[in-house]
Structures are given as C-alpha cells and as structure tokens.
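Only one structure is covered here, and it is reproduced in the block below.
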Amino acid sequence: MQAEIINGLEIRKAILEEIKTETAEIKAKYGVVPGLVTILVGENPASVSYVTLKVKTAESMGFNEIQVNMSADCTEQELLDMVEKYNKDDSVHGILVQLPLPKHIDENKIIYAIDPDKDVDGFHPVNVGRLCLGGEHVKFPPCTPAGIVEMLNRKNINTNGAEVVIVGRSNLVGKPLANMLCRKGKGANATVTLVHTGTKDLASHCRRADILVAAAGCPDLIKPEWVKPGACVIDVGVNRVGEKISEKTGKKVAILKGDTDFEAISKIAGYVTPVPGGVGPMTIAMLMKNTLNSLKFKLGLI
C-alpha cells in the first residue's frame, strides 16, 4: 500500500482562490473589503517571516492590510492602546498580534484585550467558549485545527462515526480540534480520543485510529507499527532537527521533521500529510477565511 499524499499547498491554493473571488464580489456589491491588522512587536526572525507571509497573502486577496511594527521595548500599555485603536476602527475586521511577545508583556492580557468579534486567530476566551458550544455560536475556529478539518472535508475522508485519536492536548491544536470533530454535523460526528505523551500505552490508542492526528511536537513520536493499515495520518509536528544549505539560495535553512516517520508510514496509511507542505500551509489560508467571515458577519451575510 502507498498512501495518498494530502498536499496542503494545493488545498491552500484552492481556498485562497475562493476567498479572492468572494472578496471581489463583496467589494462590487457592498463597496467594502476585509480589513486585517497585523501587529508585530520586535524583530524575531521567525515572527518577521511569518507576518510577512500573512501580509503578502492578505494583500493578494484584495484585503485592506495594515501592518503595525512596534519596538521590542514598547510597553504593555502601548500595545494595549494599539489594540484598542483598531478595536474601535470599523474598517478593521480582524486583529492579529503575532506571538510570542517579549517577556515583559503578558500575552494573555493582550489576547483578552482584542475584541472577540475581531479575534480572527480564535484565541480569545469568548471564541474558545463559542467553539465549545458549537453550531451557530462558532465564529472564528483556531486556524490550524480549522485547516485540518478543511483538509479532511476536501479529501472526502469520512469522519462520521470514525475513531479519531489526537496525540497532543495543546490549546492551539489538540483541544480545539477535538471539539470540532466531535460536534454533530457534516465533516464531524467522530468519536474522539485525546491523548498525549504521558498517556499509558499510547501505541494501543493510536493503532485503533481511523484518523490519527500527531500534534505533540516530538519528532518521530508515532511509530509505523502504531498506524492502522489504511488510516489517515495528519502530522501537525514542525520540529527543527538541524540545518542544511538550500540549493536555491545557498543559505542555511532549518531541517524540519514531523511527529511521524513519514516514509515508513506512507507504506501503511491510506492518507498522509507531509512535513513541510501538509498542515502548515493551511493555517494562513484559514486566517484569511476567518477575516473574510468577520466582514460577512458584520454585513449579515452569515
């Protein structure tokens, strides 16, 4: 058996084309476009790279993108004031503060200050609560779990009654994904088990999974013999395990590895995501979708 590769880059491309088309249609009919503010504090290289990609993607969608750069030594109050400025700006539909923040700033305090109806990352406690309630209450599901659900739906992988095992209990992926997949409705209705690296006999839980999600942040944690033949394996892990020289640029780049042994598991699973190029590309796509939906909520379109 050779698993079918779930290509996140291809799925992202399709989603972004849909968002771009819908944005143009809304602009033509209502004269407005989604407004997204991205706030970067300091010059952390990874954060700069990630924010740059978000900005370019938003602009390519036709969004009104506002990039705010603040110094690493800005005060917590200065950042809170910046958030409040855009909370009050009716042309802004999404506010994103890039994490991590400098140690002298309380990240939770900043997240809680964002208007929940502009919290397109889905991190505010109000949006966490909405996700738990499910159904019509949900506004902004966290982007990585939403991307995983989108991948499953677009590949027509049946979740109805499926045994789903999620390895990893983080607030960013594991917990929200479990909530999303166990709800009633299409693309969900699964039987979900949430496990972690401290779970007794982790292997036995993984072996029974029709859909196995590895999101523990531990390279090669999931062994091939833990995978049920024909299962769908979603690898969320992005672990830096070394460096290499890029053939394209001649510069050093990180060597990334997932939480699974991709090559070995590809011979057992029915579907598998690569690292990189699997779940990763979906996160920004779902951020754009949340931002568009924020405008649609405001216009009463959803």
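By convention in this document, the chains of the structure tokens carry letters A, B, ... by their order, each chain's residues are numbered from 1, and ligands are numbered from 1 in the order they are shown.
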Check: Hey, what does DSSP flag as strand (DSSP E or B) within range 11-232 of chain A? Can you give it to me as a ChimeraX atom specification?
Finding: /A:35-41,64-70,94-97,163-167,191-195,211-214,222,232
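Minimum atom-to-atom distance to Ala14 in chain A, evaluated using only C-alpha atoms, belongs to A:Glu150 out of A:Arg208, A:Thr260, A:Glu150, A:Val68.
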For range 183-302 of chain A versus range 79-101 of chain A, which residues have an atom no more than 10 Å away, and what is each residue's nearest atom pair and distance in Å rounded to one decimal, using only C-alpha atoms, chain-then-number order, as a tab-separated table?
```
residue	atom	partner	partner_atom	distance
A:Leu287	CA	A:Gly94	CA	9.2
A:Met288	CA	A:Gly94	CA	9.3
A:Asn290	CA	A:Gly94	CA	8.1
A:Thr291	CA	A:Gly94	CA	5.5
A:Leu292	CA	A:His93	CA	8.1
A:Asn293	CA	A:His93	CA	8.9
A:Ser294	CA	A:His93	CA	5.7
A:Leu295	CA	A:His93	CA	5.9
A:Lys296	CA	A:His93	CA	9.5
A:Phe297	CA	A:His93	CA	9.6
A:Lys298	CA	A:His93	CA	8.4
```
Checklist line | Residue contacts of Cys74 in chain A (10 Å, only C-alpha atoms) excluding same-chain residues fewer than 6 positions away, as a list of chain:residue names | finding: A:Val41, A:Gly42, A:Pro102, A:His104, A:Ile105
Checklist line | Distance query Gly134 in chain A at most 12 Å, only C-alpha atoms, self and fewer than 2 positions along chain excluded, as a PyMOL selection string | finding: chain A and resi 127-132+136-141+176-185+188
Mind writing the picked residues with C-alpha atoms as a CSV table (one decimal), in the first residue's frame?
```csv
chain,number,residue,atom,x,y,z
A,127,ASN,CA,-14.2,32.4,21.0
A,128,VAL,CA,-12.9,29.3,22.8
A,129,GLY,CA,-16.3,29.2,24.5
A,130,ARG,CA,-18.2,29.7,21.2
A,131,LEU,CA,-16.2,26.8,19.8
A,132,CYS,CA,-17.2,24.6,22.7
A,136,GLU,CA,-24.2,28.7,15.1
A,137,HIS,CA,-22.2,30.0,18.1
A,138,VAL,CA,-18.8,29.4,16.4
A,139,LYS,CA,-17.3,32.5,14.7
A,140,PHE,CA,-13.5,32.0,14.5
A,141,PRO,CA,-12.2,28.5,15.0
A,176,PRO,CA,-10.0,22.7,19.8
A,177,LEU,CA,-9.6,20.0,17.1
A,178,ALA,CA,-11.3,17.5,19.4
A,179,ASN,CA,-14.2,19.9,19.9
A,180,MET,CA,-14.6,20.5,16.2
A,181,LEU,CA,-14.5,16.8,15.2
A,182,CYS,CA,-16.9,15.5,17.9
A,183,ARG,CA,-19.7,18.0,17.2
A,184,LYS,CA,-22.8,17.0,15.3
A,185,GLY,CA,-22.9,17.6,11.6
A,188,ALA,CA,-17.5,15.9,12.2
```
